[in-house]
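Undergrad: Take this structure first; my questions come after.
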Amino acid sequence: MNTQVLQGLLVPFLGTTLGAALVFFLKRDLPEKVQKGLSGFAAGVMVAASIWSLLIPALEGAADLGAWSFLPATIGFWLGILFLLLLDRLVPHVHLDGEQEGLRASLPQSMMVALAVALHNLPEGMAVGVVYAGSMQPEQVGSVSFASAFALAIGIALQNVPEGAIVAMPLRQAGMSRKKAFTLGMLSGAVEPLGALLTIGLAAVFAPMMPVMLSFAAGAMLYVVVEELVPEMAQGTHTNVGTVLFAVGFSLMMAMDYIL
């Protein structure tokens, strides 16, 4: 694995770290409209990335199957959905609205929030890892390049900036020190490079299954969008800010993937 790939894998983690660092500069929690807008932006980026960076290359990578070229992408997509569904049911975590999910466990509130964000970030790390793996195996997925992998890493990093703030700021408002809130916010994104490295390792072993792995990451990301981000956009007082920023995130990620 070369330095270019390692740097690309760390880009999303840098975005989370920058977002968590806002706890040192902001005195109040993020307003409800801001949080809805940021959730919408993140959802737009993830949907566009799932389509252009993952599902379309997965379909192209299985083109030699002819009329059945949709099958690996469909199988991988459902495996990704079911994998996140299983984790959602097993891993104890609590969302920012206070709702607890997963198995019951007597863990600190801050740890439960961090686990919730880690579940959110895992498919993003897997997506970046599998696209970089595809760029290193052009014979399996010819449409994936280092440039497109870097575009995905940048897109995920952009939507990780508000995510880091959304994790760290409520912890600070709950009485936690700025340093500890920053640390937990930053560590919530550490699962991304770890998930990316694991995915690259698996891709090296199961290279012929690259279309399945690409669509697996897409399914996992879209599960997060529908399960978490869309409800966060809609809860509370009605506003269209989440929808508008969804469109902004979607079009930005689409443009980046095309340009790079």
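By order in the structure tokens, chains are A, B, ...; within a chain, residues start at 1; ligands start at 1, following the order shown.
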Return as JSON lines the residues of stretch 88-187 of chain A lying at most 10 Å from stretch 235-253 of chain A, together with the closest atom-to-atom pair for each and the distance in Å to one decimal, counting only C-alpha atoms, with rows in chain order and ascending residue number.
TA:
```
{"residue": "A:Asp97", "atom": "CA", "partner": "A:Gln235", "partner_atom": "CA", "distance": 9.6}
{"residue": "A:Ala151", "atom": "CA", "partner": "A:Met253", "partner_atom": "CA", "distance": 7.9}
{"residue": "A:Leu152", "atom": "CA", "partner": "A:Met253", "partner_atom": "CA", "distance": 7.7}
{"residue": "A:Ile154", "atom": "CA", "partner": "A:Met253", "partner_atom": "CA", "distance": 8.9}
{"residue": "A:Gly155", "atom": "CA", "partner": "A:Met253", "partner_atom": "CA", "distance": 5.9}
{"residue": "A:Ile156", "atom": "CA", "partner": "A:Met253", "partner_atom": "CA", "distance": 9.0}
{"residue": "A:Leu158", "atom": "CA", "partner": "A:Gly249", "partner_atom": "CA", "distance": 9.2}
{"residue": "A:Gln159", "atom": "CA", "partner": "A:Gly249", "partner_atom": "CA", "distance": 8.2}
```
Undergrad: Write a file of the just-selected residues containing N, CA and C atoms, as a short mmCIF file (atom, residue, chain, number, x, y, z; two decimals), in the first residue's frame.
TA:
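Produced file again34.cif, reproduced below:
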```cif
data_model
loop_
_atom_site.label_atom_id
_atom_site.label_comp_id
_atom_site.auth_asym_id
_atom_site.auth_seq_id
_atom_site.Cartn_x
_atom_site.Cartn_y
_atom_site.Cartn_z
N ASP A 97 -30.91 12.30 20.09
CA ASP A 97 -32.22 12.64 20.66
C ASP A 97 -32.50 11.88 21.95
N ALA A 151 -11.73 11.74 -4.62
CA ALA A 151 -12.94 12.56 -4.61
C ALA A 151 -13.91 12.07 -3.55
N LEU A 152 -14.05 10.75 -3.43
CA LEU A 152 -14.93 10.19 -2.40
C LEU A 152 -14.40 10.53 -1.02
N ILE A 154 -12.59 13.08 -0.10
CA ILE A 154 -12.84 14.50 0.15
C ILE A 154 -14.31 14.73 0.48
N GLY A 155 -15.21 14.10 -0.26
CA GLY A 155 -16.64 14.26 -0.02
C GLY A 155 -17.03 13.78 1.38
N ILE A 156 -16.52 12.61 1.77
CA ILE A 156 -16.80 12.09 3.11
C ILE A 156 -16.21 13.01 4.17
N LEU A 158 -15.78 16.25 3.98
CA LEU A 158 -16.59 17.47 4.08
C LEU A 158 -17.82 17.24 4.97
N GLN A 159 -18.47 16.10 4.80
CA GLN A 159 -19.64 15.87 5.63
C GLN A 159 -19.27 15.38 7.02
#
```
Undergrad: Quick check for you: according to DSSP on this backbone, which residues of stretch 18-202 of chain A are classed as alpha helix (DSSP H)? Reply as a VMD selection string.
TA: chain A and resid 18 to 20 32 to 48 56 to 61 70 to 90 109 to 135 146 to 173 178 to 187 191 to 202
Undergrad: I'd like the contact shell of A:Phe25 - 12 Å cut-off, only C-alpha atoms, skipping same-chain residues fewer than 6 positions apart - returned as number ranges by chain.
TA: A: 18-19, 165, 168-169, 172, 178-179, 182
Undergrad: A:Ala174, A:Pro162, A:Val226, A:Leu55: which is nearest A:Gly37, counting only C-alpha atoms?
TA: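 Looking only at the distances to A:Gly37, the closest residue turns out to be A:Pro162.
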Undergrad: Enumerate as a list of chain:residue names all residues of stretch 1-140 of chain A assigned to strand (DSSP E) by DSSP on the backbone, naming them with the chain letters and numbers the document uses.
TA: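 The residues of stretch 1-140 of chain A classed as strand (DSSP E) are A:His93, A:Val94, A:Gln100, A:Glu101.
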Undergrad: Go through stretch 127-205 of chain A residue by residue and, counting only C-alpha atoms, keep those with an atom at most 7 Å from stretch 101-122 of chain A; for each kept residue give the shortest atom pair and its distance in Å to one decimal, ordered by chain and increasing number, as a tab-separated table.
TA:
```
residue	atom	partner	partner_atom	distance
A:Leu171	CA	A:Ser110	CA	7.0
A:Leu184	CA	A:Ala114	CA	6.7
A:Ser188	CA	A:Ala118	CA	5.4
A:Gly189	CA	A:Asn121	CA	6.4
A:Val191	CA	A:Leu122	CA	5.9
A:Glu192	CA	A:Leu122	CA	5.5
A:Gly195	CA	A:Leu122	CA	6.0
```
Undergrad: Would you mind telling me which residue in A:Val128, A:Ala73, A:Ala204, A:Ala234 lies nearest to A:Ala49 when using only C-alpha atoms?
TA: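 Using only C-alpha atoms, A:Ala49 sits closest to A:Val128.
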Undergrad: To one decimal place in Å, what is the distance between atom CA of A:Leu26 and atom CA of A:Gly44?
TA: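 Atom CA of A:Leu26 sits 25.5 Å away from atom CA of A:Gly44.
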